[in-house]
Each structure stands twice: as C-alpha cells, then as structure tokens.
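Data block for model-v6.pdb (PDB, C-alpha atoms):
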```pdb
ATOM      1  CA  MET A  16     101.409  -1.511  91.210
ATOM      2  CA  ASN A  17     104.367  -3.787  91.870
ATOM      3  CA  LYS A  18     102.608  -6.682  90.165
ATOM      4  CA  LEU A  19     101.713  -4.510  87.192
ATOM      5  CA  ARG A  20     105.343  -3.372  86.844
ATOM      6  CA  PHE A  21     106.494  -6.974  87.011
ATOM      7  CA  LEU A  22     104.041  -8.000  84.291
ATOM      8  CA  TRP A  23     105.099  -5.038  82.173
ATOM      9  CA  ALA A  24     108.759  -6.083  82.489
ATOM     10  CA  TYR A  25     107.752  -9.608  81.514
ATOM     11  CA  PHE A  26     105.861  -8.371  78.467
ATOM     12  CA  GLN A  27     108.748  -6.146  77.348
ATOM     13  CA  SER A  28     111.319  -8.933  77.624
ATOM     14  CA  GLU A  29     109.116 -11.448  75.817
ATOM     15  CA  ARG A  30     108.318  -8.937  73.073
ATOM     16  CA  ASN A  31     112.017  -8.192  72.530
ATOM     17  CA  TYR A  32     112.816 -11.910  72.510
ATOM     18  CA  TYR A  33     110.162 -13.007  70.026
ATOM     19  CA  ARG A  34     110.944 -10.056  67.762
ATOM     20  CA  ARG A  35     114.621 -11.070  67.984
ATOM     21  CA  GLU A  36     115.771  -7.671  69.225
ATOM     22  CA  ARG A  37     119.131  -7.522  70.983
ATOM     23  CA  TYR A  38     118.163  -4.590  73.154
ATOM     24  CA  VAL A  39     115.790  -5.336  76.053
ATOM     25  CA  ASP A  40     113.416  -2.522  76.961
ATOM     26  CA  GLY A  41     112.568  -3.865  80.397
ATOM     27  CA  ARG A  42     114.454  -5.424  83.267
ATOM     28  CA  PRO A  43     115.308  -9.062  83.898
ATOM     29  CA  PHE A  44     112.376 -10.640  85.694
ATOM     30  CA  VAL A  45     114.281 -13.692  86.965
ATOM     31  CA  PHE A  46     116.880 -12.424  89.388
ATOM     32  CA  SER A  47     119.358 -14.389  91.557
ATOM     33  CA  VAL A  48     121.968 -13.158  94.008
ATOM     34  CA  GLU A  49     124.589 -15.701  95.010
ATOM     35  CA  THR A  50     125.000 -14.756  98.648
ATOM     36  CA  THR A  51     127.791 -17.331  98.915
ATOM     37  CA  SER A  52     129.583 -19.800  96.656
ATOM     38  CA  VAL A  53     130.631 -21.839  99.709
ATOM     39  CA  CYS A  54     128.936 -25.181 100.340
ATOM     40  CA  ASN A  55     129.438 -27.807 103.034
ATOM     41  CA  LEU A  56     128.424 -30.763 100.826
ATOM     42  CA  LYS A  57     129.752 -32.491  97.707
ATOM     43  CA  CYS A  58     126.562 -33.721  96.084
ATOM     44  CA  SER A  59     126.957 -36.079  93.150
ATOM     45  CA  MET A  60     124.426 -34.203  90.970
ATOM     46  CA  CYS A  61     125.888 -30.742  91.635
ATOM     47  CA  PRO A  62     128.899 -29.178  89.843
ATOM     48  CA  HIS A  63     129.938 -27.170  92.892
ATOM     49  CA  LYS A  64     132.822 -29.544  93.603
ATOM     50  CA  ASP A  65     134.030 -29.019  90.000
ATOM     51  CA  MET A  66     134.141 -25.221  90.185
ATOM     52  CA  THR A  67     137.453 -23.492  89.575
ATOM     53  CA  ARG A  68     136.270 -20.025  90.645
ATOM     54  CA  ASN A  69     136.777 -18.895  94.226
ATOM     55  CA  TYR A  70     134.648 -20.079  97.113
ATOM     56  CA  GLU A  71     133.617 -16.899  98.872
ATOM     57  CA  MET A  72     130.972 -14.990 100.797
ATOM     58  CA  MET A  73     129.357 -12.004  99.115
ATOM     59  CA  ASP A  74     130.348  -8.800 100.877
ATOM     60  CA  TYR A  75     127.340  -7.391 102.721
ATOM     61  CA  GLU A  76     127.836  -3.891 101.302
ATOM     62  CA  VAL A  77     128.016  -5.287  97.774
ATOM     63  CA  PHE A  78     124.791  -7.172  98.439
ATOM     64  CA  CYS A  79     123.064  -4.012  99.671
ATOM     65  CA  ARG A  80     124.289  -2.105  96.619
ATOM     66  CA  VAL A  81     122.784  -4.719  94.305
ATOM     67  CA  ILE A  82     119.435  -4.756  96.105
ATOM     68  CA  ARG A  83     119.226  -0.955  96.118
ATOM     69  CA  GLU A  84     119.575  -1.025  92.343
ATOM     70  CA  VAL A  85     116.484  -3.214  92.027
ATOM     71  CA  GLU A  86     114.285  -1.715  94.745
ATOM     72  CA  ASP A  87     111.412  -1.493  92.293
ATOM     73  CA  TYR A  88     112.007  -5.023  91.044
ATOM     74  CA  ASN A  89     108.818  -6.883  91.804
ATOM     75  CA  GLY A  90     109.393 -10.543  91.101
ATOM     76  CA  LEU A  91     110.910 -12.972  93.581
ATOM     77  CA  ILE A  92     114.621 -12.463  94.245
ATOM     78  CA  TRP A  93     116.478 -15.724  94.862
ATOM     79  CA  LEU A  94     119.245 -15.445  97.462
ATOM     80  CA  HIS A  95     121.259 -18.383  96.163
ATOM     81  CA  ASN A  96     122.908 -19.794  93.070
ATOM     82  CA  LEU A  97     125.770 -22.209  93.784
ATOM     83  CA  GLY A  98     126.582 -22.596  97.456
ATOM     84  CA  GLU A  99     124.605 -23.004 100.675
ATOM     85  CA  PRO A 100     122.973 -19.668 101.610
ATOM     86  CA  LEU A 101     122.598 -20.538 105.298
ATOM     87  CA  ALA A 102     126.403 -20.707 105.495
ATOM     88  CA  HIS A 103     126.597 -16.920 105.092
ATOM     89  CA  PRO A 104     126.993 -15.363 108.565
ATOM     90  CA  ARG A 105     124.788 -12.384 107.582
ATOM     91  CA  ILE A 106     122.079 -14.188 105.604
ATOM     92  CA  MET A 107     119.337 -13.132 108.043
ATOM     93  CA  GLU A 108     120.382  -9.485 107.694
ATOM     94  CA  MET A 109     120.308  -9.915 103.927
ATOM     95  CA  ILE A 110     116.769 -11.262 104.033
ATOM     96  CA  ARG A 111     115.618  -8.405 106.248
ATOM     97  CA  PHE A 112     117.334  -5.853 104.005
ATOM     98  CA  VAL A 113     115.389  -7.198 101.025
ATOM     99  CA  LYS A 114     112.100  -7.264 102.934
ATOM    100  CA  ASP A 115     112.584  -3.729 104.291
ATOM    101  CA  ARG A 116     112.492  -2.563 100.680
ATOM    102  CA  GLY A 117     109.175  -4.210  99.998
ATOM    103  CA  LEU A 118     110.647  -6.972  97.853
ATOM    104  CA  ARG A 119     109.947 -10.703  97.855
ATOM    105  CA  CYS A 120     112.752 -13.237  98.294
ATOM    106  CA  GLY A 121     113.358 -16.939  98.581
ATOM    107  CA  LEU A 122     116.200 -19.388  98.972
ATOM    108  CA  SER A 123     117.036 -23.040  98.506
ATOM    109  CA  THR A 124     118.892 -24.924 101.236
ATOM    110  CA  ASN A 125     120.254 -28.404 101.839
ATOM    111  CA  ALA A 126     118.915 -27.978 105.423
ATOM    112  CA  THR A 127     122.076 -29.320 107.074
ATOM    113  CA  LEU A 128     122.524 -25.985 108.894
ATOM    114  CA  LEU A 129     118.837 -25.500 109.680
ATOM    115  CA  ASP A 130     119.193 -25.785 113.464
ATOM    116  CA  ASP A 131     116.869 -24.371 116.159
ATOM    117  CA  GLU A 132     118.339 -20.877 116.030
ATOM    118  CA  ARG A 133     118.295 -20.544 112.242
ATOM    119  CA  SER A 134     114.791 -21.979 112.050
ATOM    120  CA  ASP A 135     113.565 -19.367 114.513
ATOM    121  CA  GLN A 136     115.375 -16.568 112.662
ATOM    122  CA  LEU A 137     114.064 -17.619 109.248
ATOM    123  CA  LEU A 138     110.494 -17.799 110.510
ATOM    124  CA  SER A 139     110.857 -14.264 111.882
ATOM    125  CA  SER A 140     112.703 -12.824 108.882
ATOM    126  CA  GLY A 141     109.821 -12.326 106.452
ATOM    127  CA  LEU A 142     111.297 -14.764 103.936
ATOM    128  CA  ASP A 143     108.665 -15.544 101.300
ATOM    129  CA  LYS A 144     109.730 -18.975 100.061
ATOM    130  CA  ILE A 145     112.112 -21.725 101.100
ATOM    131  CA  ILE A 146     113.013 -24.861  99.163
ATOM    132  CA  LEU A 147     114.137 -27.677 101.439
ATOM    133  CA  CYS A 148     116.229 -30.138  99.423
ATOM    134  CA  MET A 149     115.684 -33.695 100.654
ATOM    135  CA  ASP A 150     116.836 -35.945  97.821
ATOM    136  CA  GLY A 151     116.056 -39.376  99.156
ATOM    137  CA  ILE A 152     113.672 -41.329 101.329
ATOM    138  CA  THR A 153     116.219 -43.671 102.913
ATOM    139  CA  LYS A 154     119.532 -43.064 104.653
ATOM    140  CA  GLU A 155     121.455 -45.084 102.064
ATOM    141  CA  SER A 156     120.051 -43.396  98.982
ATOM    142  CA  TYR A 157     120.157 -39.883 100.468
ATOM    143  CA  GLU A 158     123.734 -40.007 101.738
ATOM    144  CA  ARG A 159     124.951 -41.523  98.477
ATOM    145  CA  LEU A 160     123.737 -38.398  96.668
ATOM    146  CA  ARG A 161     124.197 -35.742  99.339
ATOM    147  CA  VAL A 162     127.803 -36.521 100.209
ATOM    148  CA  GLY A 163     128.737 -35.074 103.595
ATOM    149  CA  ALA A 164     125.198 -34.859 104.988
ATOM    150  CA  ARG A 165     123.605 -37.008 107.693
ATOM    151  CA  PHE A 166     120.146 -38.261 106.786
ATOM    152  CA  GLU A 167     118.727 -38.339 110.322
ATOM    153  CA  SER A 168     119.964 -34.833 111.091
ATOM    154  CA  VAL A 169     118.483 -33.290 107.951
ATOM    155  CA  VAL A 170     115.125 -35.022 108.456
ATOM    156  CA  THR A 171     115.039 -33.692 112.021
ATOM    157  CA  ASN A 172     115.910 -30.174 110.862
ATOM    158  CA  ILE A 173     113.180 -30.080 108.214
ATOM    159  CA  GLU A 174     110.533 -31.610 110.470
ATOM    160  CA  ARG A 175     111.363 -29.153 113.258
ATOM    161  CA  PHE A 176     111.208 -26.168 110.895
ATOM    162  CA  LEU A 177     107.838 -27.245 109.484
ATOM    163  CA  ARG A 178     106.471 -27.994 112.961
ATOM    164  CA  LEU A 179     107.519 -24.571 114.298
ATOM    165  CA  ARG A 180     105.942 -22.883 111.307
ATOM    166  CA  LYS A 181     102.682 -24.718 111.929
ATOM    167  CA  GLU A 182     102.711 -24.003 115.678
ATOM    168  CA  ARG A 183     103.113 -20.283 114.977
ATOM    169  CA  LYS A 184     100.315 -20.432 112.393
ATOM    170  CA  LEU A 185     102.492 -18.801 109.758
ATOM    171  CA  THR A 186     101.806 -18.773 106.039
ATOM    172  CA  LYS A 187     105.332 -17.581 105.218
ATOM    173  CA  PRO A 188     107.742 -18.702 104.139
ATOM    174  CA  GLN A 189     106.032 -21.018 101.692
ATOM    175  CA  ALA A 190     107.709 -24.346 102.429
ATOM    176  CA  VAL A 191     108.621 -26.625  99.513
ATOM    177  CA  VAL A 192     110.262 -30.021 100.062
ATOM    178  CA  GLN A 193     112.130 -31.000  96.910
ATOM    179  CA  LEU A 194     113.268 -34.239  95.298
ATOM    180  CA  ILE A 195     115.454 -34.144  92.181
ATOM    181  CA  TYR A 196     114.139 -36.597  89.580
ATOM    182  CA  MET A 197     116.959 -38.902  88.458
ATOM    183  CA  LYS A 198     117.811 -42.580  88.100
ATOM    184  CA  GLN A 199     118.442 -43.097  91.790
ATOM    185  CA  THR A 200     115.364 -41.260  93.073
ATOM    186  CA  GLU A 201     112.820 -42.406  90.470
ATOM    187  CA  PRO A 202     111.672 -45.472  92.488
ATOM    188  CA  GLN A 203     111.137 -43.255  95.560
ATOM    189  CA  VAL A 204     108.815 -40.625  94.080
ATOM    190  CA  ARG A 205     105.531 -42.017  95.378
ATOM    191  CA  GLU A 206     106.847 -42.734  98.867
ATOM    192  CA  PHE A 207     108.606 -39.347  99.038
ATOM    193  CA  HIS A 208     105.387 -37.534  98.177
ATOM    194  CA  ALA A 209     103.416 -39.483 100.784
ATOM    195  CA  ARG A 210     106.099 -38.784 103.421
ATOM    196  CA  TRP A 211     106.312 -35.007 103.046
ATOM    197  CA  ARG A 212     103.014 -33.829 101.554
ATOM    198  CA  PRO A 213     101.173 -33.731 104.925
ATOM    199  CA  LEU A 214     103.884 -31.433 106.363
ATOM    200  CA  ALA A 215     104.881 -29.070 103.535
ATOM    201  CA  ASP A 216     102.959 -26.593 101.402
ATOM    202  CA  ARG A 217     104.233 -28.376  98.339
ATOM    203  CA  VAL A 218     106.320 -31.377  97.353
ATOM    204  CA  LEU A 219     108.362 -30.562  94.253
ATOM    205  CA  LEU A 220     109.658 -33.207  91.868
ATOM    206  CA  LYS A 221     112.398 -31.186  90.207
ATOM    207  CA  ARG A 222     113.518 -32.159  86.731
ATOM    208  CA  PHE A 223     117.170 -33.098  86.470
ATOM    209  CA  SER A 224     119.660 -30.543  85.188
ATOM    210  CA  THR A 225     122.679 -31.730  83.228
ATOM    211  CA  TRP A 226     124.336 -28.367  83.898
ATOM    212  CA  ALA A 227     124.772 -27.874  80.163
ATOM    213  CA  ASP A 228     126.502 -31.268  79.889
ATOM    214  CA  GLN A 229     129.704 -29.765  81.262
ATOM    215  CA  VAL A 230     130.364 -32.605  83.739
ATOM    216  CA  GLU A 231     130.032 -36.112  82.297
ATOM    217  CA  SER A 232     129.629 -37.816  85.679
ATOM    218  CA  ILE A 233     126.595 -35.639  86.392
ATOM    219  CA  SER A 234     124.952 -36.160  82.996
ATOM    220  CA  GLN A 235     125.178 -39.934  83.478
ATOM    221  CA  LEU A 236     122.912 -39.771  86.538
ATOM    222  CA  SER A 237     119.813 -39.260  84.392
ATOM    223  CA  THR A 238     118.114 -40.228  81.156
ATOM    224  CA  GLU A 239     115.996 -38.079  78.833
ATOM    225  CA  LYS A 240     112.803 -38.755  80.787
ATOM    226  CA  HIS A 241     114.310 -37.256  83.950
ATOM    227  CA  ARG A 242     115.446 -33.994  82.357
ATOM    228  CA  TYR A 243     113.782 -30.696  81.607
ATOM    229  CA  GLU A 244     110.999 -31.068  79.076
ATOM    230  CA  LEU A 245     111.677 -29.673  75.624
ATOM    231  CA  ALA A 246     108.493 -30.917  74.007
ATOM    232  CA  HIS A 247     108.039 -27.641  72.163
ATOM    233  CA  ILE A 248     111.430 -27.992  70.468
ATOM    234  CA  LYS A 249     111.705 -29.814  67.158
ATOM    235  CA  PRO A 250     114.577 -32.327  66.834
ATOM    236  CA  GLY A 251     117.617 -30.685  65.311
ATOM    237  CA  VAL A 252     116.171 -27.175  65.685
ATOM    238  CA  ARG A 253     117.580 -24.674  68.143
ATOM    239  CA  TYR A 254     116.316 -21.187  68.911
ATOM    240  CA  PRO A 255     117.964 -18.338  70.820
ATOM    241  CA  CYS A 256     117.771 -18.997  74.540
ATOM    242  CA  ALA A 257     115.134 -16.777  76.126
ATOM    243  CA  TYR A 258     117.100 -16.682  79.380
ATOM    244  CA  LEU A 259     119.284 -13.990  77.806
ATOM    245  CA  TRP A 260     116.216 -11.750  77.683
ATOM    246  CA  ARG A 261     114.901 -12.768  81.143
ATOM    247  CA  ASN A 262     117.608 -13.814  83.573
ATOM    248  CA  LEU A 263     120.405 -12.245  85.507
ATOM    249  CA  VAL A 264     122.626 -13.850  88.151
ATOM    250  CA  VAL A 265     125.049 -11.961  90.398
ATOM    251  CA  THR A 266     127.772 -14.234  91.776
ATOM    252  CA  ALA A 267     129.361 -13.896  95.212
ATOM    253  CA  SER A 268     132.246 -11.945  93.678
ATOM    254  CA  GLY A 269     129.877  -9.471  92.018
ATOM    255  CA  ASP A 270     130.218 -10.910  88.517
ATOM    256  CA  VAL A 271     127.061 -10.939  86.408
ATOM    257  CA  ILE A 272     126.374 -14.108  84.388
ATOM    258  CA  PRO A 273     123.417 -14.960  82.105
ATOM    259  CA  CYS A 274     122.073 -17.982  83.998
ATOM    260  CA  CYS A 275     122.794 -20.579  86.662
ATOM    261  CA  MET A 276     124.002 -23.176  84.120
ATOM    262  CA  ASP A 277     127.209 -21.155  83.868
ATOM    263  CA  TYR A 278     128.247 -22.470  87.281
ATOM    264  CA  ASP A 279     131.933 -21.657  86.768
ATOM    265  CA  ALA A 280     131.220 -18.084  85.597
ATOM    266  CA  ARG A 281     132.805 -18.538  82.174
ATOM    267  CA  MET A 282     130.473 -15.983  80.564
ATOM    268  CA  VAL A 283     130.911 -12.869  82.682
ATOM    269  CA  MET A 284     128.886  -9.918  81.379
ATOM    270  CA  GLY A 285     130.299  -7.412  83.872
ATOM    271  CA  ASN A 286     130.794  -6.768  87.573
ATOM    272  CA  VAL A 287     128.484  -4.797  89.868
ATOM    273  CA  MET A 288     131.448  -3.056  91.521
ATOM    274  CA  GLN A 289     132.403  -1.528  88.181
ATOM    275  CA  ASN A 290     129.040  -0.920  86.490
ATOM    276  CA  THR A 291     125.376  -0.775  87.419
ATOM    277  CA  LEU A 292     123.135  -3.715  86.655
ATOM    278  CA  ALA A 293     121.276  -1.602  84.103
ATOM    279  CA  GLU A 294     124.525  -0.794  82.298
ATOM    280  CA  ILE A 295     125.517  -4.470  82.252
ATOM    281  CA  TRP A 296     122.036  -5.657  81.139
ATOM    282  CA  ARG A 297     122.148  -3.305  78.159
ATOM    283  CA  GLY A 298     125.920  -3.445  77.711
ATOM    284  CA  GLU A 299     127.943  -4.614  74.746
ATOM    285  CA  LYS A 300     128.650  -8.121  76.095
ATOM    286  CA  TYR A 301     124.972  -8.903  76.592
ATOM    287  CA  LEU A 302     124.116  -7.365  73.214
ATOM    288  CA  ARG A 303     126.824  -9.433  71.516
ATOM    289  CA  LEU A 304     125.681 -12.664  73.210
ATOM    290  CA  ARG A 305     122.055 -12.073  72.217
ATOM    291  CA  ARG A 306     123.140 -11.310  68.652
ATOM    292  CA  ASP A 307     125.156 -14.538  68.501
ATOM    293  CA  HIS A 308     122.109 -16.535  69.573
ATOM    294  CA  ILE A 309     119.867 -14.735  67.094
ATOM    295  CA  GLU A 310     122.343 -15.570  64.318
ATOM    296  CA  GLY A 311     122.673 -19.215  65.425
ATOM    297  CA  ARG A 312     126.082 -19.060  67.090
ATOM    298  CA  PHE A 313     126.237 -20.900  70.411
ATOM    299  CA  THR A 314     129.574 -20.837  72.202
ATOM    300  CA  SER A 315     131.052 -21.449  75.656
ATOM    301  CA  THR A 316     128.475 -22.816  78.134
ATOM    302  CA  CYS A 317     125.650 -22.329  75.619
ATOM    303  CA  GLU A 318     127.216 -24.696  73.084
ATOM    304  CA  SER A 319     126.433 -27.933  74.946
ATOM    305  CA  CYS A 320     123.422 -26.723  76.939
ATOM    306  CA  LYS A 321     120.226 -28.792  76.894
ATOM    307  CA  GLU A 322     118.355 -26.623  79.391
ATOM    308  CA  TRP A 323     117.787 -23.681  77.064
ATOM    309  CA  VAL A 324     114.265 -22.402  76.546
ATOM    310  CA  GLY A 325     112.552 -20.444  73.768
ATOM    311  CA  GLY A 326     110.707 -20.681  70.513
ATOM    312  CA  PRO A 327     110.402 -19.387  66.931
ATOM    313  CA  SER A 328     110.346 -15.674  66.214
ATOM    314  CA  CYS A 329     107.046 -13.829  66.116
ATOM    315  CA  ARG A 330     107.223 -10.286  64.766
ATOM    316  CA  ALA A 331     103.573  -9.787  65.699
ATOM    317  CA  TYR A 332     104.042 -10.800  69.336
ATOM    318  CA  PRO A 333     101.800 -11.187  71.345
ATOM    319  CA  LEU A 334      99.296 -12.048  68.616
ATOM    320  CA  GLY A 335      98.879 -15.796  68.240
ATOM    321  CA  ARG A 336     100.381 -16.506  71.659
ATOM    322  CA  PRO A 337      98.530 -17.383  74.884
ATOM    323  CA  LEU A 338      99.635 -14.117  76.518
ATOM    324  CA  LEU A 339      96.660 -13.621  78.809
ATOM    325  CA  TYR A 340      96.947 -17.175  80.140
ATOM    326  CA  LYS A 341     100.679 -16.731  80.854
ATOM    327  CA  LEU A 342     100.140 -13.341  82.476
ATOM    328  CA  TRP A 343      97.398 -14.728  84.699
ATOM    329  CA  ASN A 344      99.660 -17.535  85.919
ATOM    330  CA  LEU A 345     102.495 -15.070  86.544
ATOM    331  CA  LEU A 346     100.155 -12.759  88.426
ATOM    332  CA  LYS A 347      99.309 -15.575  90.838
ATOM    333  CA  LYS A 348     102.999 -16.149  91.557
ATOM    334  CA  VAL A 349     104.214 -12.598  92.229
TER
END
```

What does this structure look like when you write it as structure tokens?
Amino acid sequence: MNKLRFLWAYFQSERNYYRRERYVDGRPFVFSVETTSVCNLKCSMCPHKDMTRNYEMMDYEVFCRVIREVEDYNGLIWLHNLGEPLAHPRIMEMIRFVKDRGLRCGLSTNATLLDDERSDQLLSSGLDKIILCMDGITKESYERLRVGARFESVVTNIERFLRLRKERKLTKPQAVVQLIYMKQTEPQVREFHARWRPLADRVLLKRFSTWADQVESISQLSTEKHRYELAHIKPGVRYPCAYLWRNLVVTASGDVIPCCMDYDARMVMGNVMQNTLAEIWRGEKYLRLRRDHIEGRFTSTCESCKEWVGGPSCRAYPLGRPLLYKLWNLLKKV
C-alpha cells in the first residue's frame, strides 16, 4: 500500500503540474531534511563555504516533529541537504526514528567521518541508501576539489565500510560511490569506474550542478556537456519548474525551501515550528511562487537557474505521456 500511495502522490503532483494548477492535491514526493548545515570541508564545487545563513544542527525534537508529519510518506527521505550528515551527534538516532516508522531513508556523505564506529552503527541502523562521495582517483586531484580532506583516509574509510557490509552479507544500505562529472574529473571517469565498481552496488557519474549560477567560481568548473541534461527543452523556451510541484526541503533551522539549489535559503516558504508541512505546501507563498512560474515570472534563485525541470502544459494529462513507463520505473525505486 505504501508504494501505491507514493505512486498516487506522484500522479497527483504531475497532473497538477501539467495542467498548470497552483494547488497541489497530493504531497511532495521528493523530500529532504537537512539534519545539519555544518560541514568539515570546503569543496570547490560546493556553495557551502559561500552560505550566509547559520551553520547549525537540527534540533532532534524538531526532526522528530517533521518525520511524524510524514509518517505515511512512502518515497525515500534524504537526511541531508547542505552539510555533512555524519557530523550530527544524533544522526544514528534520526535514522532509527525514521526506520521505526516504516519509512525509507538515505544520505550522502563525504566519508571523512566514516570511521569504524560510525560504519558499524550505519550498517546496523537500517539505512536504505548511502552515497559515498569520492571525487577523484588520485590524491592530487581529489584534495584539490575536496579541500580539507585526506585522500588516503577517505579511501580507507570507504573500503572498510564496503568490506564490512560484504562480510555481514548485507543488502542494505545500498552503497553508491559517486564522482561528480566536471572538467577536472572527466579524464578519470573510466579509471574511477574500474576502481570502485567491484566493491560498490553502483558507481554514479553525477552531472555537475551550477547551483543556479549563483557562484561564478563554481560555474566555471564545468562546461555544458558536464551539466544536467536539458535535451527536452527548446532553446530560449522556459517552462514552470516542476520541482515546485514535487520537492520540499526542510533546512536545519526548520525553514522550508522549494529545492536544494536555494542553498542560502533565500526563498523560505515557511517554518515547521510555526506551521505544519501541509499548511506550508498549500500555503500562500507556495501558491504565489507556482503562479509566478506559470505566468513566466522567474525571480530570486529561480531567475538564473539552469537545473530546472519540466515541460509544456497538457490539459489532458496523462494522455499522450509515457505514464505507465514512468510509474513502472518509480515502482522499482520505492
């Protein structure tokens, strides 16, 4: 039933989007909780070092309040946004709290803090998915990007985690080793895949994010071929961003923002300590932002964003769209 509810939420959101309706009947089906906005690195491709909002840990009681509100949410809840989730002193309790409610969760980590103890705890926590960020195949290239990390230490941490998982014959968490595709890593793709594919469930070549072109030094690290594909978008044509009908991010302070590209939380839709997620999702700020997109007005973070997704309106949705194919792929993921 959980999978059916998830697919129903997906269908409702897509229907509202393609019919260009401001009000969303269902729930967001991409859901992220920023357990912490604190990070121990200053990576060249990440805007964390450029943030002006506070670096903080999400209060555990606030976290529990958020999760209780989505107990029947049936997609995968990400326990990170900006920041290193393993830096939170109660991250293992957070994972267990999510799992005790029958939900699925995952996180992405730079693996610098993935020592023996945390590896053991993660493997016992019930975590469903972990993305291990290893952006480089040599010490020089890795440490140039991941400023503050030690190449040998991170390699050891990831190898130990994957070895322990194999020794215990575990299928969870699904282990993904990730390389961000950019100018500096492009020559390493083949070697990176050969290095990690025998150990991980999956090697992910992640397309480069310009973070809505808000930081020039980051945008310069890639060219068009490295970035998210927008093959379905015609040059000079822009549609409303479907993330406004799909996504919701709760920052460490409890602010709700439309998507992760708004790294500095410039577009706050509300705060979970003042309103419920349902009230915020259907509140005036979200309705106004969706209306602006429908009418072709793109402001704040949205104005310069290249990572938006979406397509032309379709009043007869889902007719003429490969709905069954998309639903089948979603069903395999949830």

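Ranking A:Val191, A:Cys54, A:Val265, A:Leu179 by their shortest atom-to-atom distance to Ile295 in chain A, with all atoms listed in the file included, puts A:Val265 first.
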
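For the structure shown here, the set of residues caught by the PyMOL selection byres ((chain A and resi 145) around 9) is Cys120, Gly121, Leu122, Ser123, Thr124, Leu142, Asp143, Lys144, Ile146, Leu147, Lys187, Pro188, Gln189, Ala190, Val191 and Val192 of chain A.
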
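Closest approach to Asn286 in chain A among A:Leu219, A:Val53, A:Ala267, A:Leu302: A:Ala267, based on all atoms listed in the file.
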
message = Report as a VMD selection string all protein, DNA and RNA residues lying within 6 Å of range 222-236 of chain A, evaluated on all atoms listed in the file, omitting residues in the same chain fewer than 5 positions from it.
response = chain A and resid 60 196 241 to 243 276 319 to 321

task = Pull out every residue that the PyMOL selection byres ((chain A and resi 28-34) around 9) matches in the shown coordinates and put them as a PyMOL selection string.
result = chain A and resi 23-27+35-44+255-257+259-261+325-333

ask   = With distances taken over only C-alpha atoms, which of A:Gln203, A:Ser268, A:Ser47, A:Thr186 is nearest to Met72 in chain A?
value = A:Ser268

request  = Run the PyMOL selection byres ((chain A and resi 274) around 9) against the file shown and list the residues it catches, as JSON, numbers by chain.
outcome  = {"A": [47, 258, 259, 262, 263, 264, 271, 272, 273, 275, 276, 277, 278]}

message = I want to know what sits within 10 Å of Phe112 in chain A, based on only C-alpha atoms, with residues of the same chain fewer than 6 positions away left out; could you give that as a count of residues only?
response = 7

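Nearest-residue note for Arg281 in chain A: choosing from A:Thr316, A:Trp93, A:Ala126, A:His208, the minimum distance belongs to A:Thr316, counting all atoms listed in the file.
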
task = Counting all atoms listed in the file, find the residues whose atoms lie at most 12 Å from (122.9, -14.1, 108.2) (file coordinates) and write them out as a PyMOL selection string.
result = chain A and resi 50-51+72-75+94+99-112+128+132-134+136-137+140

With C-alpha atoms retained, could you export that selection as an mmCIF file, keeping the file's coordinate frame?
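File written: part.cif
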```cif
data_model
loop_
_atom_site.group_PDB
_atom_site.id
_atom_site.type_symbol
_atom_site.label_atom_id
_atom_site.label_comp_id
_atom_site.auth_asym_id
_atom_site.auth_seq_id
_atom_site.Cartn_x
_atom_site.Cartn_y
_atom_site.Cartn_z
ATOM 1 C CA THR A 50 125.000 -14.756 98.648
ATOM 2 C CA THR A 51 127.791 -17.331 98.915
ATOM 3 C CA MET A 72 130.972 -14.990 100.797
ATOM 4 C CA MET A 73 129.357 -12.004 99.115
ATOM 5 C CA ASP A 74 130.348 -8.800 100.877
ATOM 6 C CA TYR A 75 127.340 -7.391 102.721
ATOM 7 C CA LEU A 94 119.245 -15.445 97.462
ATOM 8 C CA GLU A 99 124.605 -23.004 100.675
ATOM 9 C CA PRO A 100 122.973 -19.668 101.610
ATOM 10 C CA LEU A 101 122.598 -20.538 105.298
ATOM 11 C CA ALA A 102 126.403 -20.707 105.495
ATOM 12 C CA HIS A 103 126.597 -16.920 105.092
ATOM 13 C CA PRO A 104 126.993 -15.363 108.565
ATOM 14 C CA ARG A 105 124.788 -12.384 107.582
ATOM 15 C CA ILE A 106 122.079 -14.188 105.604
ATOM 16 C CA MET A 107 119.337 -13.132 108.043
ATOM 17 C CA GLU A 108 120.382 -9.485 107.694
ATOM 18 C CA MET A 109 120.308 -9.915 103.927
ATOM 19 C CA ILE A 110 116.769 -11.262 104.033
ATOM 20 C CA ARG A 111 115.618 -8.405 106.248
ATOM 21 C CA PHE A 112 117.334 -5.853 104.005
ATOM 22 C CA LEU A 128 122.524 -25.985 108.894
ATOM 23 C CA GLU A 132 118.339 -20.877 116.030
ATOM 24 C CA ARG A 133 118.295 -20.544 112.242
ATOM 25 C CA SER A 134 114.791 -21.979 112.050
ATOM 26 C CA GLN A 136 115.375 -16.568 112.662
ATOM 27 C CA LEU A 137 114.064 -17.619 109.248
ATOM 28 C CA SER A 140 112.703 -12.824 108.882
#
```

message = Around (102.7, -36.4, 93.1), as given in the file, which residues come within 10 Å? Count all atoms listed in the file and list them as a ChimeraX atom specification.
response = /A:204-209,212,217-220

Using the selection just defined, write its residues with C-alpha atoms as a short mmCIF file (atom, residue, chain, number, x, y, z; two decimals), in the frame of the given file.
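As a result, part25.cif now contains:
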```cif
data_model
loop_
_atom_site.label_atom_id
_atom_site.label_comp_id
_atom_site.auth_asym_id
_atom_site.auth_seq_id
_atom_site.Cartn_x
_atom_site.Cartn_y
_atom_site.Cartn_z
CA VAL A 204 108.82 -40.62 94.08
CA ARG A 205 105.53 -42.02 95.38
CA GLU A 206 106.85 -42.73 98.87
CA PHE A 207 108.61 -39.35 99.04
CA HIS A 208 105.39 -37.53 98.18
CA ALA A 209 103.42 -39.48 100.78
CA ARG A 212 103.01 -33.83 101.55
CA ARG A 217 104.23 -28.38 98.34
CA VAL A 218 106.32 -31.38 97.35
CA LEU A 219 108.36 -30.56 94.25
CA LEU A 220 109.66 -33.21 91.87
#
```

task = Could you check how far CA of Gly151 in chain A sits from CA of Val324 in chain A, in Å to one decimal?
result = 28.3 Å

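Using only C-alpha atoms for every distance, the candidate list A:Ile195, A:Tyr254, A:Pro213, A:Asp279 yields A:Asp279 as the residue closest to Gly98 in chain A.
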
query = Quick one: residues within 7 Å of Asp150 in chain A, all atoms listed in the file counted, chain neighbours fewer than 3 positions away excluded, as a list in words?
reply = Tyr157, Gln193, Leu194 and Ile195 of chain A

Please extract range 31-36 of chain A and write it out with N, CA and C atoms, as a tab-separated table (two decimals), in the first residue's frame.
```
chain	number	residue	atom	x	y	z
A	31	ASN	N	-1.31	18.02	-11.54
A	31	ASN	CA	-1.44	19.45	-11.21
A	31	ASN	C	-0.42	20.29	-11.97
A	32	TYR	N	0.80	19.74	-12.11
A	32	TYR	CA	1.84	20.50	-12.83
A	32	TYR	C	1.47	20.67	-14.29
A	33	TYR	N	1.18	19.58	-14.98
A	33	TYR	CA	0.94	19.67	-16.42
A	33	TYR	C	-0.37	20.39	-16.75
A	34	ARG	N	-1.28	20.45	-15.81
A	34	ARG	CA	-2.50	21.24	-16.01
A	34	ARG	C	-2.32	22.68	-15.55
A	35	ARG	N	-1.10	22.97	-15.06
A	35	ARG	CA	-0.74	24.32	-14.60
A	35	ARG	C	-1.70	24.81	-13.51
A	36	GLU	N	-1.89	23.98	-12.51
A	36	GLU	CA	-2.72	24.31	-11.36
A	36	GLU	C	-1.83	24.67	-10.18
```
